[in-house]
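Structure file model-v8.tsv; described as TSV, C-alpha atoms (C1' of nucleotides) and all ligand atoms.
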chain	number	residue	atom	x	y	z
A	1	MET	CA	7.66	-82.97	-66.03
A	2	ILE	CA	7.58	-81.04	-69.22
A	3	ARG	CA	10.50	-82.15	-71.28
A	4	VAL	CA	11.68	-82.14	-74.85
A	5	ASN	CA	12.81	-85.52	-76.09
A	6	LYS	CA	16.20	-86.53	-77.37
A	7	LYS	CA	15.17	-86.41	-80.98
A	8	ILE	CA	14.56	-82.70	-80.66
A	9	GLU	CA	17.68	-82.17	-78.61
A	10	TYR	CA	19.81	-84.02	-81.15
A	11	GLY	CA	18.05	-82.29	-84.01
A	12	VAL	CA	18.91	-78.86	-82.66
A	13	LEU	CA	22.46	-79.96	-82.03
A	14	ALA	CA	22.90	-81.29	-85.55
A	15	LEU	CA	21.42	-78.24	-87.23
A	16	LEU	CA	23.62	-75.90	-85.23
A	17	TYR	CA	26.56	-78.04	-86.20
A	18	LEU	CA	25.65	-77.75	-89.86
A	19	ALA	CA	25.27	-74.00	-89.50
A	20	ASP	CA	28.96	-73.81	-88.63
A	21	LYS	CA	29.96	-75.67	-91.77
A	22	GLU	CA	28.61	-73.05	-94.14
A	23	ASP	CA	27.77	-74.76	-97.42
A	24	LYS	CA	29.78	-77.92	-96.89
A	25	ALA	CA	27.99	-81.20	-96.35
A	26	ALA	CA	28.59	-83.15	-93.15
A	27	SER	CA	27.96	-86.88	-92.96
A	28	VAL	CA	25.94	-88.43	-90.20
A	29	ARG	CA	29.08	-90.15	-88.99
A	30	GLU	CA	30.92	-86.87	-88.68
A	31	MET	CA	28.07	-85.16	-86.88
A	32	ALA	CA	27.42	-88.08	-84.59
A	33	SER	CA	31.00	-88.45	-83.46
A	34	ASN	CA	31.51	-84.73	-83.01
A	35	CYS	CA	28.28	-84.25	-81.11
A	36	GLY	CA	28.37	-87.44	-79.07
A	37	VAL	CA	25.15	-88.85	-80.43
A	38	PRO	CA	24.49	-92.47	-81.47
A	39	GLU	CA	25.07	-92.62	-85.19
A	40	THR	CA	22.13	-94.81	-86.19
A	41	LEU	CA	19.77	-92.68	-84.18
A	42	LEU	CA	20.97	-89.42	-85.64
A	43	SER	CA	20.59	-91.00	-89.03
A	44	LYS	CA	16.85	-91.41	-88.50
A	45	ILE	CA	16.55	-87.90	-87.18
A	46	MET	CA	18.29	-86.36	-90.17
A	47	GLN	CA	15.97	-88.23	-92.50
A	48	SER	CA	12.95	-86.63	-90.91
A	49	ILE	CA	14.55	-83.22	-90.99
A	50	LYS	CA	15.34	-83.70	-94.63
A	51	ASN	CA	11.74	-84.59	-95.37
A	52	VAL	CA	10.59	-81.13	-94.31
A	53	GLY	CA	13.25	-79.45	-96.37
A	54	TYR	CA	15.52	-77.89	-93.77
A	55	VAL	CA	18.45	-79.87	-95.17
A	56	SER	CA	19.24	-81.70	-98.36
A	57	ALA	CA	21.03	-85.02	-98.64
A	58	VAL	CA	24.08	-85.67	-100.78
A	59	TYR	CA	24.84	-89.31	-101.47
A	60	GLY	CA	28.19	-90.96	-101.89
A	61	ASN	CA	31.72	-90.11	-100.91
A	62	GLN	CA	32.15	-86.69	-99.31
A	63	GLY	CA	28.37	-86.61	-99.10
A	64	GLY	CA	26.14	-85.93	-96.14
A	65	TYR	CA	23.64	-83.26	-95.23
A	66	LYS	CA	23.65	-79.56	-96.03
A	67	LEU	CA	21.52	-76.78	-94.59
A	68	THR	CA	19.10	-75.39	-97.13
A	69	LYS	CA	17.51	-72.74	-94.91
A	70	GLU	CA	18.76	-69.90	-92.79
A	71	LEU	CA	18.75	-70.56	-89.05
A	72	SER	CA	16.25	-67.74	-88.73
A	73	GLU	CA	13.85	-69.63	-90.98
A	74	ILE	CA	13.99	-72.82	-88.94
A	75	THR	CA	11.68	-72.69	-85.99
A	76	LEU	CA	11.53	-75.03	-83.06
A	77	LEU	CA	7.92	-75.58	-84.03
A	78	GLY	CA	8.87	-76.77	-87.48
A	79	LEU	CA	11.57	-79.01	-86.09
A	80	THR	CA	9.38	-80.69	-83.51
A	81	GLU	CA	6.61	-81.14	-86.02
A	82	ALA	CA	9.08	-82.77	-88.36
A	83	LEU	CA	10.28	-85.13	-85.67
A	84	ASP	CA	7.17	-85.82	-83.60
A	85	GLY	CA	4.20	-84.48	-85.52
A	86	PRO	CA	1.92	-81.71	-84.31
A	87	ILE	CA	2.47	-80.50	-80.76
A	88	GLN	CA	0.01	-81.94	-78.27
A	89	VAL	CA	0.90	-80.82	-74.83
A	90	ALA	CA	-1.58	-83.20	-73.19
A	91	GLU	CA	-2.50	-86.68	-74.21
A	92	CYS	CA	-6.22	-86.03	-74.46
A	93	LEU	CA	-5.76	-83.31	-77.07
A	94	GLU	CA	-4.96	-85.91	-79.67
A	95	GLU	CA	-7.88	-86.67	-81.91
A	96	GLY	CA	-9.27	-90.09	-81.22
A	97	THR	CA	-7.48	-90.46	-77.91
A	98	ARG	CA	-10.16	-88.99	-75.71
A	99	THR	CA	-11.03	-91.94	-73.53
A	100	CYS	CA	-12.33	-89.70	-70.77
A	101	PRO	CA	-16.02	-90.30	-70.06
A	102	ALA	CA	-16.73	-86.60	-69.68
A	103	LYS	CA	-15.90	-85.99	-73.33
A	104	ALA	CA	-17.42	-82.69	-74.42
A	105	SER	CA	-17.91	-81.31	-70.94
A	106	CYS	CA	-14.49	-82.41	-69.71
A	107	ARG	CA	-13.00	-79.71	-67.57
A	108	ILE	CA	-9.41	-80.33	-68.58
A	109	VAL	CA	-9.46	-80.27	-72.35
A	110	ALA	CA	-10.18	-76.54	-72.54
A	111	PRO	CA	-7.35	-75.48	-70.22
A	112	MET	CA	-4.94	-77.78	-71.97
A	113	ASN	CA	-5.92	-76.32	-75.31
A	114	VAL	CA	-5.05	-72.89	-74.01
A	115	LEU	CA	-1.70	-74.12	-72.79
A	116	ASN	CA	-1.08	-75.98	-76.01
A	117	GLN	CA	-1.61	-72.81	-77.98
A	118	LYS	CA	0.85	-70.96	-75.78
A	119	ILE	CA	3.51	-73.58	-76.30
A	120	VAL	CA	2.92	-73.58	-80.03
A	121	GLU	CA	3.37	-69.81	-80.11
A	122	LEU	CA	6.54	-70.02	-78.07
A	123	PHE	CA	7.99	-72.72	-80.29
A	124	HIS	CA	7.02	-70.78	-83.37
A	125	ALA	CA	8.74	-67.68	-82.03
A	126	THR	CA	11.89	-69.63	-81.24
A	127	SER	CA	13.95	-69.87	-84.37
A	128	LEU	CA	17.27	-71.62	-84.28
A	129	ASP	CA	19.27	-68.43	-84.44
A	130	THR	CA	17.74	-67.63	-81.07
A	131	LEU	CA	19.33	-70.81	-79.79
A	132	TYR	CA	22.64	-70.22	-81.49
A	133	VAL	CA	24.45	-68.98	-78.43
A	134	THR	CA	27.71	-69.71	-76.75
A	135	THR	CA	27.81	-71.13	-73.28
A	136	GLU	CA	28.91	-67.76	-71.93
A	137	GLU	CA	26.07	-65.83	-73.55
A	138	ALA	CA	23.63	-68.39	-72.24
A	139	SER	CA	24.80	-68.12	-68.66
A	140	GLU	CA	24.29	-64.38	-68.82
A	141	LYS	CA	20.78	-64.85	-70.13
A	142	VAL	CA	19.76	-67.23	-67.40
A	143	ALA	CA	21.82	-65.65	-64.68
A	144	VAL	CA	18.79	-64.70	-62.61
A	145	SER	CA	17.07	-68.06	-62.68
B	1	MET	CA	7.25	-84.62	-78.05
B	2	ILE	CA	6.88	-81.94	-75.49
B	3	ARG	CA	4.15	-82.98	-73.14
B	4	VAL	CA	2.92	-82.26	-69.68
B	5	ASN	CA	2.40	-85.35	-67.57
B	6	LYS	CA	-0.79	-86.63	-65.99
B	7	LYS	CA	0.14	-85.37	-62.56
B	8	ILE	CA	0.06	-81.82	-63.84
B	9	GLU	CA	-3.07	-82.43	-65.87
B	10	TYR	CA	-4.86	-83.91	-62.89
B	11	GLY	CA	-3.53	-81.21	-60.60
B	12	VAL	CA	-4.97	-78.47	-62.78
B	13	LEU	CA	-8.24	-80.33	-63.02
B	14	ALA	CA	-8.51	-80.77	-59.26
B	15	LEU	CA	-7.66	-77.16	-58.48
B	16	LEU	CA	-10.21	-75.88	-60.97
B	17	TYR	CA	-12.74	-78.21	-59.37
B	18	LEU	CA	-11.97	-76.81	-55.94
B	19	ALA	CA	-12.28	-73.29	-57.27
B	20	ASP	CA	-15.92	-74.01	-58.06
B	21	LYS	CA	-16.63	-75.15	-54.52
B	22	GLU	CA	-15.87	-71.79	-52.95
B	23	ASP	CA	-14.81	-72.42	-49.37
B	24	LYS	CA	-16.17	-75.93	-49.00
B	25	ALA	CA	-13.79	-78.84	-48.72
B	26	ALA	CA	-13.93	-81.63	-51.28
B	27	SER	CA	-12.62	-85.08	-50.47
B	28	VAL	CA	-10.27	-86.90	-52.80
B	29	ARG	CA	-13.00	-89.43	-53.42
B	30	GLU	CA	-15.40	-86.76	-54.55
B	31	MET	CA	-12.91	-85.06	-56.81
B	32	ALA	CA	-11.66	-88.31	-58.27
B	33	SER	CA	-15.08	-89.62	-59.17
B	34	ASN	CA	-16.27	-86.30	-60.56
B	35	CYS	CA	-13.15	-85.72	-62.60
B	36	GLY	CA	-12.61	-89.30	-63.74
B	37	VAL	CA	-9.19	-89.69	-62.15
B	38	PRO	CA	-7.88	-92.72	-60.24
B	39	GLU	CA	-8.50	-92.02	-56.58
B	40	THR	CA	-5.23	-93.27	-55.14
B	41	LEU	CA	-3.27	-91.32	-57.71
B	42	LEU	CA	-5.11	-88.09	-57.09
B	43	SER	CA	-4.52	-88.64	-53.41
B	44	LYS	CA	-0.75	-88.44	-53.91
B	45	ILE	CA	-1.09	-85.43	-56.12
B	46	MET	CA	-3.15	-83.51	-53.59
B	47	GLN	CA	-0.59	-84.24	-50.91
B	48	SER	CA	2.13	-82.59	-52.96
B	49	ILE	CA	-0.08	-79.64	-53.73
B	50	LYS	CA	-0.85	-79.29	-50.07
B	51	ASN	CA	2.84	-79.27	-49.23
B	52	VAL	CA	3.35	-76.06	-51.19
B	53	GLY	CA	0.36	-74.43	-49.55
B	54	TYR	CA	-2.08	-74.04	-52.41
B	55	VAL	CA	-4.63	-76.09	-50.47
B	56	SER	CA	-5.15	-77.14	-46.88
B	57	ALA	CA	-6.31	-80.53	-45.68
B	58	VAL	CA	-9.23	-81.12	-43.37
B	59	TYR	CA	-9.30	-84.49	-41.62
B	60	GLY	CA	-12.28	-86.61	-40.66
B	61	ASN	CA	-15.84	-86.82	-41.81
B	62	GLN	CA	-16.86	-84.10	-44.28
B	63	GLY	CA	-13.18	-83.32	-44.61
B	64	GLY	CA	-11.07	-83.01	-47.71
B	65	TYR	CA	-9.10	-80.25	-49.37
B	66	LYS	CA	-9.81	-76.54	-49.60
B	67	LEU	CA	-8.21	-73.89	-51.75
B	68	THR	CA	-6.15	-71.46	-49.71
B	69	LYS	CA	-5.02	-69.23	-52.59
B	70	GLU	CA	-6.72	-67.33	-55.34
B	71	LEU	CA	-6.48	-68.91	-58.78
B	72	SER	CA	-4.55	-65.87	-59.89
B	73	GLU	CA	-1.92	-66.64	-57.27
B	74	ILE	CA	-1.42	-70.21	-58.42
B	75	THR	CA	0.92	-70.43	-61.38
B	76	LEU	CA	1.56	-73.38	-63.58
B	77	LEU	CA	5.18	-72.99	-62.60
B	78	GLY	CA	4.37	-73.39	-58.92
B	79	LEU	CA	2.18	-76.36	-59.62
B	80	THR	CA	4.71	-78.23	-61.74
B	81	GLU	CA	7.45	-77.50	-59.26
B	82	ALA	CA	5.26	-78.89	-56.53
B	83	LEU	CA	4.59	-82.07	-58.47
B	84	ASP	CA	7.83	-82.68	-60.35
B	85	GLY	CA	10.46	-80.36	-58.93
B	86	PRO	CA	12.20	-77.62	-60.88
B	87	ILE	CA	11.53	-77.51	-64.60
B	88	GLN	CA	14.26	-79.07	-66.68
B	89	VAL	CA	13.27	-79.07	-70.28
B	90	ALA	CA	16.16	-81.28	-71.29
B	91	GLU	CA	17.70	-84.15	-69.43
B	92	CYS	CA	21.23	-82.81	-69.45
B	93	LEU	CA	20.23	-79.64	-67.62
B	94	GLU	CA	19.85	-81.57	-64.41
B	95	GLU	CA	22.79	-81.19	-62.13
B	96	GLY	CA	24.79	-84.38	-61.90
B	97	THR	CA	23.18	-85.92	-64.96
B	98	ARG	CA	25.56	-84.59	-67.54
B	99	THR	CA	27.05	-87.78	-68.90
B	100	CYS	CA	27.97	-86.12	-72.18
B	101	PRO	CA	31.73	-86.21	-72.78
B	102	ALA	CA	31.76	-82.67	-74.16
B	103	LYS	CA	30.72	-81.31	-70.76
B	104	ALA	CA	31.57	-77.64	-70.63
B	105	SER	CA	31.92	-77.14	-74.35
B	106	CYS	CA	28.80	-79.13	-75.19
B	107	ARG	CA	26.92	-77.37	-77.91
B	108	ILE	CA	23.48	-78.37	-76.68
B	109	VAL	CA	23.41	-77.32	-73.07
B	110	ALA	CA	23.43	-73.59	-73.86
B	111	PRO	CA	20.52	-73.69	-76.31
B	112	MET	CA	18.52	-75.87	-73.97
B	113	ASN	CA	19.13	-73.43	-71.14
B	114	VAL	CA	17.69	-70.67	-73.27
B	115	LEU	CA	14.65	-72.76	-74.04
B	116	ASN	CA	14.30	-73.80	-70.44
B	117	GLN	CA	14.20	-70.19	-69.37
B	118	LYS	CA	11.50	-69.45	-71.92
B	119	ILE	CA	9.35	-72.29	-70.67
B	120	VAL	CA	9.83	-71.21	-67.08
B	121	GLU	CA	8.72	-67.70	-67.99
B	122	LEU	CA	5.68	-69.01	-69.82
B	123	PHE	CA	4.69	-71.25	-66.94
B	124	HIS	CA	5.22	-68.43	-64.49
B	125	ALA	CA	2.99	-66.15	-66.54
B	126	THR	CA	0.28	-68.79	-66.74
B	127	SER	CA	-1.79	-68.59	-63.59
B	128	LEU	CA	-4.74	-70.88	-63.15
B	129	ASP	CA	-7.30	-68.17	-63.76
B	130	THR	CA	-5.85	-68.01	-67.26
B	131	LEU	CA	-6.79	-71.63	-67.64
B	132	TYR	CA	-10.20	-71.26	-66.06
B	133	VAL	CA	-12.14	-71.18	-69.29
B	134	THR	CA	-15.18	-72.89	-70.63
B	135	THR	CA	-14.94	-75.14	-73.63
B	136	GLU	CA	-16.60	-72.47	-75.77
B	137	GLU	CA	-14.21	-69.72	-74.74
B	138	ALA	CA	-11.31	-72.03	-75.42
B	139	SER	CA	-12.39	-72.88	-78.94
B	140	GLU	CA	-12.54	-69.18	-79.73
B	141	LYS	CA	-9.06	-68.66	-78.39
B	142	VAL	CA	-7.56	-71.44	-80.46
B	143	ALA	CA	-9.74	-70.93	-83.48
B	144	VAL	CA	-6.87	-69.91	-85.74
B	145	SER	CA	-4.56	-72.78	-84.89
C	1	DA	C1'	-13.91	-95.01	-25.94
C	2	DG	C1'	-14.83	-96.69	-30.29
C	3	DC	C1'	-16.21	-96.00	-35.07
C	4	DT	C1'	-15.78	-93.95	-39.39
C	5	DA	C1'	-14.20	-90.94	-42.91
C	6	DT	C1'	-10.50	-88.84	-44.27
C	7	DC	C1'	-5.57	-87.60	-45.11
C	8	DC	C1'	-0.35	-89.36	-45.22
C	9	DG	C1'	3.62	-91.37	-47.28
C	10	DG	C1'	6.40	-94.89	-48.87
C	11	DA	C1'	7.21	-99.16	-51.43
C	12	DC	C1'	5.79	-101.56	-55.08
C	13	DT	C1'	4.00	-103.09	-59.92
C	14	DA	C1'	2.30	-102.36	-64.43
C	15	DA	C1'	1.99	-99.87	-68.57
C	16	DA	C1'	3.59	-96.84	-71.95
C	17	DT	C1'	6.95	-94.22	-74.10
C	18	DT	C1'	11.41	-93.23	-75.59
C	19	DA	C1'	15.93	-94.38	-76.93
C	20	DG	C1'	18.72	-97.01	-79.46
C	21	DT	C1'	20.08	-101.20	-82.58
C	22	DC	C1'	20.12	-104.14	-86.55
C	23	DT	C1'	19.59	-105.27	-91.24
C	24	DA	C1'	19.05	-104.80	-95.97
C	25	DA	C1'	18.56	-101.78	-99.72
C	26	DT	C1'	19.49	-97.63	-102.76
C	27	DA	C1'	22.23	-93.80	-104.78
C	28	DG	C1'	26.16	-91.55	-106.50
C	29	DG	C1'	31.04	-90.58	-107.27
C	30	DT	C1'	35.77	-92.26	-108.56
D	1	DA	C1'	33.51	-102.52	-109.47
D	2	DC	C1'	33.93	-100.41	-105.21
D	3	DC	C1'	33.46	-97.36	-101.58
D	4	DT	C1'	30.88	-94.12	-98.95
D	5	DA	C1'	26.75	-92.46	-97.55
D	6	DT	C1'	21.69	-92.09	-97.25
D	7	DT	C1'	16.96	-94.60	-96.68
D	8	DA	C1'	13.56	-97.21	-94.37
D	9	DG	C1'	11.44	-100.32	-91.37
D	10	DA	C1'	11.35	-103.80	-87.88
D	11	DC	C1'	13.05	-104.87	-83.67
D	12	DT	C1'	14.86	-104.62	-78.64
D	13	DA	C1'	16.36	-102.37	-74.52
D	14	DA	C1'	16.05	-98.84	-71.22
D	15	DT	C1'	13.70	-95.41	-68.87
D	16	DT	C1'	9.90	-92.94	-67.36
D	17	DT	C1'	5.26	-92.48	-66.16
D	18	DA	C1'	1.05	-94.10	-64.34
D	19	DG	C1'	-1.22	-96.40	-61.08
D	20	DT	C1'	-1.80	-99.71	-56.86
D	21	DC	C1'	-1.37	-101.22	-52.15
D	22	DC	C1'	-0.94	-100.99	-47.45
D	23	DG	C1'	-0.08	-99.70	-42.69
D	24	DG	C1'	-0.62	-95.61	-40.16
D	25	DA	C1'	-2.18	-91.03	-38.28
D	26	DT	C1'	-5.86	-87.48	-37.40
D	27	DA	C1'	-10.10	-85.54	-36.38
D	28	DG	C1'	-15.01	-85.57	-35.61
D	29	DC	C1'	-19.16	-87.94	-34.12
D	30	DT	C1'	-22.07	-90.89	-31.16
A	201	LIG	S1	-9.46	-85.93	-70.03
A	201	LIG	FE1	-9.29	-85.18	-72.08
A	201	LIG	S2	-11.41	-85.08	-72.67
A	201	LIG	FE2	-11.55	-85.52	-70.56
A	202	LIG	S1	24.49	-83.29	-73.82
A	202	LIG	FE1	24.15	-82.09	-72.04
A	202	LIG	S2	26.18	-81.47	-71.55
A	202	LIG	FE2	26.44	-82.40	-73.50

Once you've parsed the file, please lay out its structure as structure tokens.
Amino acid sequence: MIRVNKKIEYGVLALLYLADKEDKAASVREMASNCGVPETLLSKIMQSIKNVGYVSAVYGNQGGYKLTKELSEITLLGLTEALDGPIQVAECLEEGTRTCPAKASCRIVAPMNVLNQKIVELFHATSLDTLYVTTEEASEKVAVS
Amino acid sequence: MIRVNKKIEYGVLALLYLADKEDKAASVREMASNCGVPETLLSKIMQSIKNVGYVSAVYGNQGGYKLTKELSEITLLGLTEALDGPIQVAECLEEGTRTCPAKASCRIVAPMNVLNQKIVELFHATSLDTLYVTTEEASEKVAVS
DNA sequence: AGCTATCCGGACTAAATTAGTCTAATAGGT
DNA sequence: ACCTATTAGACTAATTTAGTCCGGATAGCT
């Protein structure tokens, strides 16, 4: 199955939450309890997101995290790279992981590279404002599926 | 990380292998040893692919599997659905798995539905002839990345 | 009929990854 | 000082994925 992991899921959730708070900072505790995410886990996630500059951290009382970019400037690509490193849609695309004996002539690495590129493009084209939808809007969008 | 599993990887590999054999059947043993895939595992994979009609099975000596569709008729969507069921890019999109207390108002299910739809469209648009490339062609295609 | 090569399908085990916890430290505001 | 909150890394638990095993069925060949 092709699936996004929880870090990404929670990351999207947290950033959308922050988007609703305008310029105010929200603490990890606040976000975690409102979003139903384990606090310590979200804490790690926010750190990584901070390290790529999508949010800034404010220490101390009334502190927390604040958005420093527009939702339209935050892409799913940037978020997943922040949380999991570069996208590698198949294991053997990772440098130094190619255990396959076929190596250069391997018939799967080329197709997977093509697919990888497509996913990267899709994730790059998907900024968070694209995902900022209400449940109702979403059900319209996917009505056919 | 967003990653396709080995079943899908091996499935693509096997189907591309069959495409090169024209109308001749290839046994699981042959495919497995040529592609460097565990034989018993590939066996299960081919069964699932057979069940959706992309290949047919020939019993007995000189038997094996044969392609019954054109590569252009085999989509990545069809293949992954054959091997893993419907695409669900996030865990909570599965019916009956929504343990989240927010349920209906949950702020993550809508965005993930949007993303899911995008992935489904991409996989639907990606037929196997798209992936039937040589290593050289592929490196051109991804040169910029 | 009997032999052999192959597919079939489920139950099982092993390996790897992901999810989540714990602990101790640092930073800043009041 | 004290309180709240971030930071960072090591650790454990849970889940998923990958891979094995085995008894059985099917078809062709001699
Ligand atoms: S399986 Fe990736 S190089 Fe062969
Ligand atoms: S996390 Fe999926 S419904 Fe809330």

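Between CA of Lys69 in chain B and CA of Ser127 in chain B the separation is 11.5 Å.
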
At a cut-off of 8 Å, using all atoms listed in the file, what residues contact range 15-30 of chain C? Leave out same-chain residues fewer than 4 positions from it and give the result as a PyMOL selection string. (chain A and resi 5-6+38+40-41+59-61) or (chain D and resi 6-7+11-18)

For the selection you just gave me, I'd like the residues written to a file as a PDB file, in the frame of the given file, keeping C-alpha atoms (C1' of nucleotides).
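Okay, again35.pdb is ready:
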ATOM      1  CA  ASN A   5      12.810 -85.520 -76.090  1.00  0.00           C
ATOM      2  CA  LYS A   6      16.200 -86.530 -77.370  1.00  0.00           C
ATOM      3  CA  PRO A  38      24.490 -92.470 -81.470  1.00  0.00           C
ATOM      4  CA  THR A  40      22.130 -94.810 -86.190  1.00  0.00           C
ATOM      5  CA  LEU A  41      19.770 -92.680 -84.180  1.00  0.00           C
ATOM      6  CA  TYR A  59      24.840 -89.310-101.470  1.00  0.00           C
ATOM      7  CA  GLY A  60      28.190 -90.960-101.890  1.00  0.00           C
ATOM      8  CA  ASN A  61      31.720 -90.110-100.910  1.00  0.00           C
TER       9      ASN A  61
ATOM     10  C1'  DT D   6      21.690 -92.090 -97.250  1.00  0.00           C
ATOM     11  C1'  DT D   7      16.960 -94.600 -96.680  1.00  0.00           C
ATOM     12  C1'  DC D  11      13.050-104.870 -83.670  1.00  0.00           C
ATOM     13  C1'  DT D  12      14.860-104.620 -78.640  1.00  0.00           C
ATOM     14  C1'  DA D  13      16.360-102.370 -74.520  1.00  0.00           C
ATOM     15  C1'  DA D  14      16.050 -98.840 -71.220  1.00  0.00           C
ATOM     16  C1'  DT D  15      13.700 -95.410 -68.870  1.00  0.00           C
ATOM     17  C1'  DT D  16       9.900 -92.940 -67.360  1.00  0.00           C
ATOM     18  C1'  DT D  17       5.260 -92.480 -66.160  1.00  0.00           C
ATOM     19  C1'  DA D  18       1.050 -94.100 -64.340  1.00  0.00           C
TER      20       DA D  18
END

Would you compute the distance between CA of Asn113 in chain A and CA of Ile8 in chain B? Give it in Å to one decimal. 14.1 Å

I'd like the interatomic distance between CA of Gln47 in chain B and CA of Asp129 in chain B, to a tenth of an Å.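 Separating CA of Gln47 in chain B from CA of Asp129 in chain B is a distance of 21.6 Å.
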
For the contact check between chain A and ligand LIG 202 (chain A), emit one row per residue of chain A within 9 Å, containing the shortest atom pair and the distance in Å rounded to one decimal, counting all atoms listed in the file, chain then rising number order, as a Markdown table.
| residue | atom | partner | partner_atom | distance |
| --- | --- | --- | --- | --- |
| A:Glu9 | CA | A:LIG202 | S1 | 8.4 |
| A:Tyr10 | CA | A:LIG202 | S1 | 8.7 |
| A:Cys35 | CA | A:LIG202 | FE2 | 8.0 |
| A:Gly36 | CA | A:LIG202 | S1 | 7.7 |
| A:Val37 | CA | A:LIG202 | S1 | 8.7 |

What are the residues of chain C lining chain B at 10 Å or less? Count all atoms listed in the file, and put the answer as a VMD selection string. chain C and resid 4 to 9 18
